[in-house]
>>> print(open('data_29.cif').read())   # mmCIF, N, CA and C atoms
data_target
#
loop_
_atom_site.label_atom_id
_atom_site.label_comp_id
_atom_site.auth_asym_id
_atom_site.auth_seq_id
_atom_site.Cartn_x
_atom_site.Cartn_y
_atom_site.Cartn_z
N MET A 1 80.32 64.48 52.02
CA MET A 1 79.23 65.28 52.55
C MET A 1 79.74 66.31 53.56
N THR A 2 80.73 65.93 54.37
CA THR A 2 81.27 66.86 55.36
C THR A 2 81.90 68.06 54.67
N ILE A 3 82.60 67.82 53.58
CA ILE A 3 83.24 68.92 52.86
C ILE A 3 82.17 69.88 52.31
N LEU A 4 81.11 69.33 51.76
CA LEU A 4 80.04 70.16 51.23
C LEU A 4 79.43 71.04 52.32
N LEU A 5 79.17 70.46 53.48
CA LEU A 5 78.60 71.24 54.58
C LEU A 5 79.59 72.27 55.10
N ALA A 6 80.87 71.92 55.16
CA ALA A 6 81.89 72.86 55.61
C ALA A 6 81.98 74.05 54.64
N VAL A 7 81.95 73.77 53.36
CA VAL A 7 82.00 74.84 52.36
C VAL A 7 80.75 75.72 52.46
N LEU A 8 79.60 75.11 52.68
CA LEU A 8 78.37 75.87 52.86
C LEU A 8 78.47 76.81 54.06
N LEU A 9 79.04 76.34 55.16
CA LEU A 9 79.24 77.18 56.33
C LEU A 9 80.19 78.33 56.03
N LEU A 10 81.25 78.05 55.28
CA LEU A 10 82.21 79.10 54.93
C LEU A 10 81.58 80.14 54.00
N VAL A 11 80.79 79.69 53.04
CA VAL A 11 80.09 80.62 52.14
C VAL A 11 79.13 81.50 52.94
N ASN A 12 78.43 80.90 53.89
CA ASN A 12 77.53 81.67 54.75
C ASN A 12 78.30 82.73 55.52
N ALA A 13 79.44 82.37 56.07
CA ALA A 13 80.24 83.32 56.85
C ALA A 13 80.71 84.48 55.97
N VAL A 14 81.25 84.15 54.81
CA VAL A 14 81.74 85.19 53.90
C VAL A 14 80.59 86.11 53.48
N PHE A 15 79.47 85.52 53.12
CA PHE A 15 78.30 86.31 52.72
C PHE A 15 77.93 87.31 53.81
N ASN A 16 77.82 86.84 55.04
CA ASN A 16 77.42 87.72 56.13
C ASN A 16 78.46 88.81 56.42
N PHE A 17 79.74 88.47 56.36
CA PHE A 17 80.77 89.47 56.62
C PHE A 17 80.88 90.49 55.48
N VAL A 18 80.40 90.14 54.29
CA VAL A 18 80.42 91.07 53.16
C VAL A 18 79.16 91.94 53.13
N ILE A 19 78.01 91.35 53.40
CA ILE A 19 76.73 92.04 53.25
C ILE A 19 76.41 93.00 54.38
N TRP A 20 76.65 92.61 55.63
CA TRP A 20 76.17 93.41 56.76
C TRP A 20 76.89 94.74 56.99
N PRO A 21 78.19 94.87 56.81
CA PRO A 21 78.82 96.18 57.05
C PRO A 21 78.26 97.32 56.20
N PRO A 22 78.04 97.13 54.89
CA PRO A 22 77.44 98.24 54.13
C PRO A 22 76.01 98.57 54.61
N PHE A 23 75.28 97.54 55.01
CA PHE A 23 73.94 97.77 55.53
C PHE A 23 74.00 98.62 56.80
N LEU A 24 74.94 98.30 57.68
CA LEU A 24 75.09 99.08 58.92
C LEU A 24 75.45 100.53 58.61
N ARG A 25 76.31 100.75 57.63
CA ARG A 25 76.65 102.12 57.25
C ARG A 25 75.41 102.88 56.77
N ARG A 26 74.56 102.21 55.98
CA ARG A 26 73.34 102.86 55.51
C ARG A 26 72.39 103.16 56.67
N VAL A 27 72.28 102.23 57.60
CA VAL A 27 71.40 102.44 58.76
C VAL A 27 71.90 103.62 59.58
N ARG A 28 73.21 103.71 59.79
CA ARG A 28 73.76 104.81 60.60
C ARG A 28 73.56 106.17 59.93
N LYS A 29 73.48 106.20 58.60
CA LYS A 29 73.25 107.46 57.89
C LYS A 29 71.77 107.83 57.81
N ASP A 30 70.91 106.87 58.10
CA ASP A 30 69.46 107.10 58.03
C ASP A 30 69.03 108.14 59.06
N GLN A 31 68.12 109.01 58.68
CA GLN A 31 67.66 110.07 59.59
C GLN A 31 66.94 109.51 60.81
N ARG A 32 66.43 108.29 60.73
CA ARG A 32 65.73 107.68 61.87
C ARG A 32 66.68 107.10 62.90
N ALA A 33 67.98 107.07 62.61
CA ALA A 33 68.95 106.45 63.51
C ALA A 33 69.23 107.28 64.76
N TYR A 34 69.07 108.59 64.66
CA TYR A 34 69.38 109.48 65.79
C TYR A 34 68.23 110.46 66.00
N ASP A 35 68.00 110.82 67.26
CA ASP A 35 66.96 111.81 67.55
C ASP A 35 67.53 113.22 67.42
N ALA A 36 66.74 114.22 67.78
CA ALA A 36 67.14 115.62 67.63
C ALA A 36 68.37 115.97 68.46
N GLU A 37 68.57 115.29 69.58
CA GLU A 37 69.75 115.55 70.43
C GLU A 37 70.97 114.72 70.01
N GLY A 38 70.83 113.92 68.97
CA GLY A 38 71.95 113.13 68.49
C GLY A 38 72.10 111.78 69.18
N ARG A 39 71.11 111.39 69.98
CA ARG A 39 71.17 110.09 70.66
C ARG A 39 70.63 109.00 69.74
N ALA A 40 71.17 107.80 69.92
CA ALA A 40 70.72 106.66 69.13
C ALA A 40 69.26 106.34 69.45
N THR A 41 68.50 106.06 68.40
CA THR A 41 67.09 105.71 68.58
C THR A 41 66.94 104.19 68.61
N SER A 42 65.73 103.75 68.89
CA SER A 42 65.44 102.30 68.88
C SER A 42 65.72 101.71 67.50
N PHE A 43 65.47 102.48 66.46
CA PHE A 43 65.75 102.04 65.10
C PHE A 43 67.20 101.60 64.96
N LEU A 44 68.12 102.42 65.42
CA LEU A 44 69.54 102.09 65.32
C LEU A 44 69.89 100.94 66.25
N LYS A 45 69.40 100.97 67.47
CA LYS A 45 69.73 99.93 68.44
C LYS A 45 69.29 98.55 67.98
N VAL A 46 68.08 98.47 67.43
CA VAL A 46 67.58 97.18 66.95
C VAL A 46 68.44 96.66 65.80
N HIS A 47 68.82 97.55 64.89
CA HIS A 47 69.64 97.12 63.77
C HIS A 47 71.05 96.71 64.20
N VAL A 48 71.60 97.40 65.18
CA VAL A 48 72.92 97.01 65.69
C VAL A 48 72.85 95.63 66.33
N ILE A 49 71.78 95.36 67.08
CA ILE A 49 71.62 94.03 67.69
C ILE A 49 71.45 92.97 66.60
N LEU A 50 70.65 93.26 65.59
CA LEU A 50 70.45 92.33 64.48
C LEU A 50 71.77 92.01 63.79
N ILE A 51 72.54 93.03 63.49
CA ILE A 51 73.80 92.84 62.78
C ILE A 51 74.82 92.15 63.68
N GLY A 52 74.84 92.49 64.96
CA GLY A 52 75.73 91.80 65.90
C GLY A 52 75.42 90.32 65.98
N THR A 53 74.13 89.99 65.99
CA THR A 53 73.72 88.59 66.01
C THR A 53 74.14 87.89 64.72
N ALA A 54 73.97 88.56 63.60
CA ALA A 54 74.38 87.99 62.32
C ALA A 54 75.89 87.74 62.29
N PHE A 55 76.67 88.67 62.86
CA PHE A 55 78.12 88.47 62.92
C PHE A 55 78.48 87.30 63.83
N ALA A 56 77.77 87.15 64.94
CA ALA A 56 78.04 86.02 65.83
C ALA A 56 77.76 84.70 65.13
N ILE A 57 76.66 84.63 64.40
CA ILE A 57 76.33 83.42 63.65
C ILE A 57 77.35 83.19 62.54
N ALA A 58 77.77 84.27 61.88
CA ALA A 58 78.78 84.14 60.83
C ALA A 58 80.10 83.65 61.40
N GLY A 59 80.46 84.15 62.58
CA GLY A 59 81.69 83.67 63.23
C GLY A 59 81.61 82.20 63.57
N ALA A 60 80.46 81.78 64.09
CA ALA A 60 80.27 80.36 64.39
C ALA A 60 80.31 79.52 63.12
N SER A 61 79.74 80.04 62.04
CA SER A 61 79.79 79.34 60.75
C SER A 61 81.22 79.22 60.25
N LEU A 62 81.99 80.28 60.42
CA LEU A 62 83.39 80.25 60.00
C LEU A 62 84.17 79.20 60.77
N VAL A 63 84.01 79.19 62.09
CA VAL A 63 84.70 78.20 62.92
C VAL A 63 84.25 76.79 62.55
N GLY A 64 82.94 76.60 62.39
CA GLY A 64 82.42 75.28 62.03
C GLY A 64 82.91 74.82 60.67
N GLY A 65 82.95 75.74 59.71
CA GLY A 65 83.43 75.39 58.38
C GLY A 65 84.89 75.00 58.37
N ILE A 66 85.70 75.76 59.08
CA ILE A 66 87.14 75.43 59.16
C ILE A 66 87.33 74.11 59.89
N ALA A 67 86.61 73.92 60.99
CA ALA A 67 86.72 72.66 61.73
C ALA A 67 86.30 71.48 60.86
N GLY A 68 85.24 71.65 60.10
CA GLY A 68 84.78 70.58 59.21
C GLY A 68 85.82 70.22 58.17
N LEU A 69 86.48 71.22 57.60
CA LEU A 69 87.53 70.94 56.61
C LEU A 69 88.73 70.27 57.25
N LEU A 70 89.10 70.72 58.43
CA LEU A 70 90.25 70.12 59.11
C LEU A 70 89.97 68.68 59.52
N ILE A 71 88.78 68.42 60.02
CA ILE A 71 88.42 67.06 60.43
C ILE A 71 88.37 66.14 59.22
N GLU A 72 87.82 66.62 58.12
CA GLU A 72 87.70 65.80 56.92
C GLU A 72 89.06 65.47 56.33
N ASN A 73 90.02 66.37 56.48
CA ASN A 73 91.34 66.16 55.87
C ASN A 73 92.29 65.38 56.75
N GLN A 74 91.85 64.91 57.89
CA GLN A 74 92.75 64.13 58.76
C GLN A 74 92.75 62.68 58.36
#
>>> encode(input="data_29.cif", output="structure tokens")
Amino acid sequence: MTILLAVLLLVNAVFNFVIWPPFLRRVRKDQRAYDAEGRATSFLKVHVILIGTAFAIAGASLVGGIAGLLIENQ
């Protein structure tokens, strides 16, 4: 069971690290991302916070998945 959960955490981490960067690129190219003076809008700021949070969770999933595999293999 530990191996299954560790693999699930690793799959979650990989999924998030693959999916979110292209989404961020699309958000940054969106016309709503910057105002007329070129400053970041709330639209961009909210998405950056969302993606940053997703990366933090993905990082924790990666660490947890690796730890789970290492503990199971001892």
>>> closest_residue(input="data_29.cif", among="A:Ile66, A:Phe17, A:Val27, A:Asn73", to="Ala54 in chain A", atoms="all atoms listed in the file")
A:Phe17
>>> resolve_selection(input="data_29.cif", expression="the PyMOL selection byres ((chain A and resi 44-51) around 8)", output="list in words")
Trp20, Pro21, Leu24, Val27, Arg28, Arg32, Ala33, Tyr34, Ala40, Thr41, Ser42, Phe43, Gly52, Thr53, Ala54, Phe55, Ala56 and Ile57 of chain A
>>> select_by_dssp(input="data_29.cif", residues="chain A", states="alpha helix (DSSP H)", output="PDB file with N, CA and C atoms, keeping the file's coordinate frame")
ATOM      1  N   THR A   2      80.730  65.930  54.370  1.00  0.00           N
ATOM      2  CA  THR A   2      81.270  66.860  55.360  1.00  0.00           C
ATOM      3  C   THR A   2      81.900  68.060  54.670  1.00  0.00           C
ATOM      4  N   ILE A   3      82.600  67.820  53.580  1.00  0.00           N
ATOM      5  CA  ILE A   3      83.240  68.920  52.860  1.00  0.00           C
ATOM      6  C   ILE A   3      82.170  69.880  52.310  1.00  0.00           C
ATOM      7  N   LEU A   4      81.110  69.330  51.760  1.00  0.00           N
ATOM      8  CA  LEU A   4      80.040  70.160  51.230  1.00  0.00           C
ATOM      9  C   LEU A   4      79.430  71.040  52.320  1.00  0.00           C
ATOM     10  N   LEU A   5      79.170  70.460  53.480  1.00  0.00           N
ATOM     11  CA  LEU A   5      78.600  71.240  54.580  1.00  0.00           C
ATOM     12  C   LEU A   5      79.590  72.270  55.100  1.00  0.00           C
ATOM     13  N   ALA A   6      80.870  71.920  55.160  1.00  0.00           N
ATOM     14  CA  ALA A   6      81.890  72.860  55.610  1.00  0.00           C
ATOM     15  C   ALA A   6      81.980  74.050  54.640  1.00  0.00           C
ATOM     16  N   VAL A   7      81.950  73.770  53.360  1.00  0.00           N
ATOM     17  CA  VAL A   7      82.000  74.840  52.360  1.00  0.00           C
ATOM     18  C   VAL A   7      80.750  75.720  52.460  1.00  0.00           C
ATOM     19  N   LEU A   8      79.600  75.110  52.680  1.00  0.00           N
ATOM     20  CA  LEU A   8      78.370  75.870  52.860  1.00  0.00           C
ATOM     21  C   LEU A   8      78.470  76.810  54.060  1.00  0.00           C
ATOM     22  N   LEU A   9      79.040  76.340  55.160  1.00  0.00           N
ATOM     23  CA  LEU A   9      79.240  77.180  56.330  1.00  0.00           C
ATOM     24  C   LEU A   9      80.190  78.330  56.030  1.00  0.00           C
ATOM     25  N   LEU A  10      81.250  78.050  55.280  1.00  0.00           N
ATOM     26  CA  LEU A  10      82.210  79.100  54.930  1.00  0.00           C
ATOM     27  C   LEU A  10      81.580  80.140  54.000  1.00  0.00           C
ATOM     28  N   VAL A  11      80.790  79.690  53.040  1.00  0.00           N
ATOM     29  CA  VAL A  11      80.090  80.620  52.140  1.00  0.00           C
ATOM     30  C   VAL A  11      79.130  81.500  52.940  1.00  0.00           C
ATOM     31  N   ASN A  12      78.430  80.900  53.890  1.00  0.00           N
ATOM     32  CA  ASN A  12      77.530  81.670  54.750  1.00  0.00           C
ATOM     33  C   ASN A  12      78.300  82.730  55.520  1.00  0.00           C
ATOM     34  N   ALA A  13      79.440  82.370  56.070  1.00  0.00           N
ATOM     35  CA  ALA A  13      80.240  83.320  56.850  1.00  0.00           C
ATOM     36  C   ALA A  13      80.710  84.480  55.970  1.00  0.00           C
ATOM     37  N   VAL A  14      81.250  84.150  54.810  1.00  0.00           N
ATOM     38  CA  VAL A  14      81.740  85.190  53.900  1.00  0.00           C
ATOM     39  C   VAL A  14      80.590  86.110  53.480  1.00  0.00           C
ATOM     40  N   PHE A  15      79.470  85.520  53.120  1.00  0.00           N
ATOM     41  CA  PHE A  15      78.300  86.310  52.720  1.00  0.00           C
ATOM     42  C   PHE A  15      77.930  87.310  53.810  1.00  0.00           C
ATOM     43  N   ASN A  16      77.820  86.840  55.040  1.00  0.00           N
ATOM     44  CA  ASN A  16      77.420  87.720  56.130  1.00  0.00           C
ATOM     45  C   ASN A  16      78.460  88.810  56.420  1.00  0.00           C
ATOM     46  N   PHE A  17      79.740  88.470  56.360  1.00  0.00           N
ATOM     47  CA  PHE A  17      80.770  89.470  56.620  1.00  0.00           C
ATOM     48  C   PHE A  17      80.880  90.490  55.480  1.00  0.00           C
ATOM     49  N   VAL A  18      80.400  90.140  54.290  1.00  0.00           N
ATOM     50  CA  VAL A  18      80.420  91.070  53.160  1.00  0.00           C
ATOM     51  C   VAL A  18      79.160  91.940  53.130  1.00  0.00           C
ATOM     52  N   ILE A  19      78.010  91.350  53.400  1.00  0.00           N
ATOM     53  CA  ILE A  19      76.730  92.040  53.250  1.00  0.00           C
ATOM     54  C   ILE A  19      76.410  93.000  54.380  1.00  0.00           C
ATOM     55  N   TRP A  20      76.650  92.610  55.630  1.00  0.00           N
ATOM     56  CA  TRP A  20      76.170  93.410  56.760  1.00  0.00           C
ATOM     57  C   TRP A  20      76.890  94.740  56.990  1.00  0.00           C
ATOM     58  N   PRO A  21      78.190  94.870  56.810  1.00  0.00           N
ATOM     59  CA  PRO A  21      78.820  96.180  57.050  1.00  0.00           C
ATOM     60  C   PRO A  21      78.260  97.320  56.200  1.00  0.00           C
ATOM     61  N   PRO A  22      78.040  97.130  54.890  1.00  0.00           N
ATOM     62  CA  PRO A  22      77.440  98.240  54.130  1.00  0.00           C
ATOM     63  C   PRO A  22      76.010  98.570  54.610  1.00  0.00           C
ATOM     64  N   PHE A  23      75.280  97.540  55.010  1.00  0.00           N
ATOM     65  CA  PHE A  23      73.940  97.770  55.530  1.00  0.00           C
ATOM     66  C   PHE A  23      74.000  98.620  56.800  1.00  0.00           C
ATOM     67  N   LEU A  24      74.940  98.300  57.680  1.00  0.00           N
ATOM     68  CA  LEU A  24      75.090  99.080  58.920  1.00  0.00           C
ATOM     69  C   LEU A  24      75.450 100.530  58.610  1.00  0.00           C
ATOM     70  N   ARG A  25      76.310 100.750  57.630  1.00  0.00           N
ATOM     71  CA  ARG A  25      76.650 102.120  57.250  1.00  0.00           C
ATOM     72  C   ARG A  25      75.410 102.880  56.770  1.00  0.00           C
ATOM     73  N   ARG A  26      74.560 102.210  55.980  1.00  0.00           N
ATOM     74  CA  ARG A  26      73.340 102.860  55.510  1.00  0.00           C
ATOM     75  C   ARG A  26      72.390 103.160  56.670  1.00  0.00           C
ATOM     76  N   VAL A  27      72.280 102.230  57.600  1.00  0.00           N
ATOM     77  CA  VAL A  27      71.400 102.440  58.760  1.00  0.00           C
ATOM     78  C   VAL A  27      71.900 103.620  59.580  1.00  0.00           C
ATOM     79  N   ARG A  28      73.210 103.710  59.790  1.00  0.00           N
ATOM     80  CA  ARG A  28      73.760 104.810  60.600  1.00  0.00           C
ATOM     81  C   ARG A  28      73.560 106.170  59.930  1.00  0.00           C
ATOM     82  N   LYS A  29      73.480 106.200  58.600  1.00  0.00           N
ATOM     83  CA  LYS A  29      73.250 107.460  57.890  1.00  0.00           C
ATOM     84  C   LYS A  29      71.770 107.830  57.810  1.00  0.00           C
ATOM     85  N   SER A  42      65.730 103.750  68.890  1.00  0.00           N
ATOM     86  CA  SER A  42      65.440 102.300  68.880  1.00  0.00           C
ATOM     87  C   SER A  42      65.720 101.710  67.500  1.00  0.00           C
ATOM     88  N   PHE A  43      65.470 102.480  66.460  1.00  0.00           N
ATOM     89  CA  PHE A  43      65.750 102.040  65.100  1.00  0.00           C
ATOM     90  C   PHE A  43      67.200 101.600  64.960  1.00  0.00           C
ATOM     91  N   LEU A  44      68.120 102.420  65.420  1.00  0.00           N
ATOM     92  CA  LEU A  44      69.540 102.090  65.320  1.00  0.00           C
ATOM     93  C   LEU A  44      69.890 100.940  66.250  1.00  0.00           C
ATOM     94  N   LYS A  45      69.400 100.970  67.470  1.00  0.00           N
ATOM     95  CA  LYS A  45      69.730  99.930  68.440  1.00  0.00           C
ATOM     96  C   LYS A  45      69.290  98.550  67.980  1.00  0.00           C
ATOM     97  N   VAL A  46      68.080  98.470  67.430  1.00  0.00           N
ATOM     98  CA  VAL A  46      67.580  97.180  66.950  1.00  0.00           C
ATOM     99  C   VAL A  46      68.440  96.660  65.800  1.00  0.00           C
ATOM    100  N   HIS A  47      68.820  97.550  64.890  1.00  0.00           N
ATOM    101  CA  HIS A  47      69.640  97.120  63.770  1.00  0.00           C
ATOM    102  C   HIS A  47      71.050  96.710  64.200  1.00  0.00           C
ATOM    103  N   VAL A  48      71.600  97.400  65.180  1.00  0.00           N
ATOM    104  CA  VAL A  48      72.920  97.010  65.690  1.00  0.00           C
ATOM    105  C   VAL A  48      72.850  95.630  66.330  1.00  0.00           C
ATOM    106  N   ILE A  49      71.780  95.360  67.080  1.00  0.00           N
ATOM    107  CA  ILE A  49      71.620  94.030  67.690  1.00  0.00           C
ATOM    108  C   ILE A  49      71.450  92.970  66.600  1.00  0.00           C
ATOM    109  N   LEU A  50      70.650  93.260  65.590  1.00  0.00           N
ATOM    110  CA  LEU A  50      70.450  92.330  64.480  1.00  0.00           C
ATOM    111  C   LEU A  50      71.770  92.010  63.790  1.00  0.00           C
ATOM    112  N   ILE A  51      72.540  93.030  63.490  1.00  0.00           N
ATOM    113  CA  ILE A  51      73.800  92.840  62.780  1.00  0.00           C
ATOM    114  C   ILE A  51      74.820  92.150  63.680  1.00  0.00           C
ATOM    115  N   GLY A  52      74.840  92.490  64.960  1.00  0.00           N
ATOM    116  CA  GLY A  52      75.730  91.800  65.900  1.00  0.00           C
ATOM    117  C   GLY A  52      75.420  90.320  65.980  1.00  0.00           C
ATOM    118  N   THR A  53      74.130  89.990  65.990  1.00  0.00           N
ATOM    119  CA  THR A  53      73.720  88.590  66.010  1.00  0.00           C
ATOM    120  C   THR A  53      74.140  87.890  64.720  1.00  0.00           C
ATOM    121  N   ALA A  54      73.970  88.560  63.600  1.00  0.00           N
ATOM    122  CA  ALA A  54      74.380  87.990  62.320  1.00  0.00           C
ATOM    123  C   ALA A  54      75.890  87.740  62.290  1.00  0.00           C
ATOM    124  N   PHE A  55      76.670  88.670  62.860  1.00  0.00           N
ATOM    125  CA  PHE A  55      78.120  88.470  62.920  1.00  0.00           C
ATOM    126  C   PHE A  55      78.480  87.300  63.830  1.00  0.00           C
ATOM    127  N   ALA A  56      77.770  87.150  64.940  1.00  0.00           N
ATOM    128  CA  ALA A  56      78.040  86.020  65.830  1.00  0.00           C
ATOM    129  C   ALA A  56      77.760  84.700  65.130  1.00  0.00           C
ATOM    130  N   ILE A  57      76.660  84.630  64.400  1.00  0.00           N
ATOM    131  CA  ILE A  57      76.330  83.420  63.650  1.00  0.00           C
ATOM    132  C   ILE A  57      77.350  83.190  62.540  1.00  0.00           C
ATOM    133  N   ALA A  58      77.770  84.270  61.880  1.00  0.00           N
ATOM    134  CA  ALA A  58      78.780  84.140  60.830  1.00  0.00           C
ATOM    135  C   ALA A  58      80.100  83.650  61.400  1.00  0.00           C
ATOM    136  N   GLY A  59      80.460  84.150  62.580  1.00  0.00           N
ATOM    137  CA  GLY A  59      81.690  83.670  63.230  1.00  0.00           C
ATOM    138  C   GLY A  59      81.610  82.200  63.570  1.00  0.00           C
ATOM    139  N   ALA A  60      80.460  81.780  64.090  1.00  0.00           N
ATOM    140  CA  ALA A  60      80.270  80.360  64.390  1.00  0.00           C
ATOM    141  C   ALA A  60      80.310  79.520  63.120  1.00  0.00           C
ATOM    142  N   SER A  61      79.740  80.040  62.040  1.00  0.00           N
ATOM    143  CA  SER A  61      79.790  79.340  60.750  1.00  0.00           C
ATOM    144  C   SER A  61      81.220  79.220  60.250  1.00  0.00           C
ATOM    145  N   LEU A  62      81.990  80.280  60.420  1.00  0.00           N
ATOM    146  CA  LEU A  62      83.390  80.250  60.000  1.00  0.00           C
ATOM    147  C   LEU A  62      84.170  79.200  60.770  1.00  0.00           C
ATOM    148  N   VAL A  63      84.010  79.190  62.090  1.00  0.00           N
ATOM    149  CA  VAL A  63      84.700  78.200  62.920  1.00  0.00           C
ATOM    150  C   VAL A  63      84.250  76.790  62.550  1.00  0.00           C
ATOM    151  N   GLY A  64      82.940  76.600  62.390  1.00  0.00           N
ATOM    152  CA  GLY A  64      82.420  75.280  62.030  1.00  0.00           C
ATOM    153  C   GLY A  64      82.910  74.820  60.670  1.00  0.00           C
ATOM    154  N   GLY A  65      82.950  75.740  59.710  1.00  0.00           N
ATOM    155  CA  GLY A  65      83.430  75.390  58.380  1.00  0.00           C
ATOM    156  C   GLY A  65      84.890  75.000  58.370  1.00  0.00           C
ATOM    157  N   ILE A  66      85.700  75.760  59.080  1.00  0.00           N
ATOM    158  CA  ILE A  66      87.140  75.430  59.160  1.00  0.00           C
ATOM    159  C   ILE A  66      87.330  74.110  59.890  1.00  0.00           C
ATOM    160  N   ALA A  67      86.610  73.920  60.990  1.00  0.00           N
ATOM    161  CA  ALA A  67      86.720  72.660  61.730  1.00  0.00           C
ATOM    162  C   ALA A  67      86.300  71.480  60.860  1.00  0.00           C
ATOM    163  N   GLY A  68      85.240  71.650  60.100  1.00  0.00           N
ATOM    164  CA  GLY A  68      84.780  70.580  59.210  1.00  0.00           C
ATOM    165  C   GLY A  68      85.820  70.220  58.170  1.00  0.00           C
ATOM    166  N   LEU A  69      86.480  71.220  57.600  1.00  0.00           N
ATOM    167  CA  LEU A  69      87.530  70.940  56.610  1.00  0.00           C
ATOM    168  C   LEU A  69      88.730  70.270  57.250  1.00  0.00           C
ATOM    169  N   LEU A  70      89.100  70.720  58.430  1.00  0.00           N
ATOM    170  CA  LEU A  70      90.250  70.120  59.110  1.00  0.00           C
ATOM    171  C   LEU A  70      89.970  68.680  59.520  1.00  0.00           C
ATOM    172  N   ILE A  71      88.780  68.420  60.020  1.00  0.00           N
ATOM    173  CA  ILE A  71      88.420  67.060  60.430  1.00  0.00           C
ATOM    174  C   ILE A  71      88.370  66.140  59.220  1.00  0.00           C
ATOM    175  N   GLU A  72      87.820  66.620  58.120  1.00  0.00           N
ATOM    176  CA  GLU A  72      87.700  65.800  56.920  1.00  0.00           C
ATOM    177  C   GLU A  72      89.060  65.470  56.330  1.00  0.00           C
TER     178      GLU A  72
END
>>> closest_residue(input="data_29.cif", among="A:Ile19, A:Asp35, A:Asn12, A:Thr2", to="Ala58 in chain A", atoms="only N, CA and C atoms")
A:Asn12
>>> atom_distance(input="data_29.cif", atom1="atom N of Ala13 in chain A", atom2="atom C of Arg26 in chain A")
22.0 Å
>>> atom_distance(input="data_29.cif", atom1="CA of Leu70 in chain A", atom2="CA of Met1 in chain A")
13.7 Å
>>> resolve_selection(input="data_29.cif", expression="the PyMOL selection byres (((chain A and resi 69 and name CA) around 10) and name CA)", output="PDB file with N, CA and C atoms, in the coordinates of the input")
ATOM      1  N   THR A   2      80.730  65.930  54.370  1.00  0.00           N
ATOM      2  CA  THR A   2      81.270  66.860  55.360  1.00  0.00           C
ATOM      3  C   THR A   2      81.900  68.060  54.670  1.00  0.00           C
ATOM      4  N   ILE A   3      82.600  67.820  53.580  1.00  0.00           N
ATOM      5  CA  ILE A   3      83.240  68.920  52.860  1.00  0.00           C
ATOM      6  C   ILE A   3      82.170  69.880  52.310  1.00  0.00           C
ATOM      7  N   LEU A   4      81.110  69.330  51.760  1.00  0.00           N
ATOM      8  CA  LEU A   4      80.040  70.160  51.230  1.00  0.00           C
ATOM      9  C   LEU A   4      79.430  71.040  52.320  1.00  0.00           C
ATOM     10  N   LEU A   5      79.170  70.460  53.480  1.00  0.00           N
ATOM     11  CA  LEU A   5      78.600  71.240  54.580  1.00  0.00           C
ATOM     12  C   LEU A   5      79.590  72.270  55.100  1.00  0.00           C
ATOM     13  N   ALA A   6      80.870  71.920  55.160  1.00  0.00           N
ATOM     14  CA  ALA A   6      81.890  72.860  55.610  1.00  0.00           C
ATOM     15  C   ALA A   6      81.980  74.050  54.640  1.00  0.00           C
ATOM     16  N   VAL A   7      81.950  73.770  53.360  1.00  0.00           N
ATOM     17  CA  VAL A   7      82.000  74.840  52.360  1.00  0.00           C
ATOM     18  C   VAL A   7      80.750  75.720  52.460  1.00  0.00           C
ATOM     19  N   LEU A  10      81.250  78.050  55.280  1.00  0.00           N
ATOM     20  CA  LEU A  10      82.210  79.100  54.930  1.00  0.00           C
ATOM     21  C   LEU A  10      81.580  80.140  54.000  1.00  0.00           C
ATOM     22  N   GLY A  64      82.940  76.600  62.390  1.00  0.00           N
ATOM     23  CA  GLY A  64      82.420  75.280  62.030  1.00  0.00           C
ATOM     24  C   GLY A  64      82.910  74.820  60.670  1.00  0.00           C
ATOM     25  N   GLY A  65      82.950  75.740  59.710  1.00  0.00           N
ATOM     26  CA  GLY A  65      83.430  75.390  58.380  1.00  0.00           C
ATOM     27  C   GLY A  65      84.890  75.000  58.370  1.00  0.00           C
ATOM     28  N   ILE A  66      85.700  75.760  59.080  1.00  0.00           N
ATOM     29  CA  ILE A  66      87.140  75.430  59.160  1.00  0.00           C
ATOM     30  C   ILE A  66      87.330  74.110  59.890  1.00  0.00           C
ATOM     31  N   ALA A  67      86.610  73.920  60.990  1.00  0.00           N
ATOM     32  CA  ALA A  67      86.720  72.660  61.730  1.00  0.00           C
ATOM     33  C   ALA A  67      86.300  71.480  60.860  1.00  0.00           C
ATOM     34  N   GLY A  68      85.240  71.650  60.100  1.00  0.00           N
ATOM     35  CA  GLY A  68      84.780  70.580  59.210  1.00  0.00           C
ATOM     36  C   GLY A  68      85.820  70.220  58.170  1.00  0.00           C
ATOM     37  N   LEU A  70      89.100  70.720  58.430  1.00  0.00           N
ATOM     38  CA  LEU A  70      90.250  70.120  59.110  1.00  0.00           C
ATOM     39  C   LEU A  70      89.970  68.680  59.520  1.00  0.00           C
ATOM     40  N   ILE A  71      88.780  68.420  60.020  1.00  0.00           N
ATOM     41  CA  ILE A  71      88.420  67.060  60.430  1.00  0.00           C
ATOM     42  C   ILE A  71      88.370  66.140  59.220  1.00  0.00           C
ATOM     43  N   GLU A  72      87.820  66.620  58.120  1.00  0.00           N
ATOM     44  CA  GLU A  72      87.700  65.800  56.920  1.00  0.00           C
ATOM     45  C   GLU A  72      89.060  65.470  56.330  1.00  0.00           C
ATOM     46  N   ASN A  73      90.020  66.370  56.480  1.00  0.00           N
ATOM     47  CA  ASN A  73      91.340  66.160  55.870  1.00  0.00           C
ATOM     48  C   ASN A  73      92.290  65.380  56.750  1.00  0.00           C
ATOM     49  N   GLN A  74      91.850  64.910  57.890  1.00  0.00           N
ATOM     50  CA  GLN A  74      92.750  64.130  58.760  1.00  0.00           C
ATOM     51  C   GLN A  74      92.750  62.680  58.360  1.00  0.00           C
TER      52      GLN A  74
END
>>> atom_distance(input="data_29.cif", atom1="atom N of Val11 in chain A", atom2="atom C of Phe23 in chain A")
20.5 Å
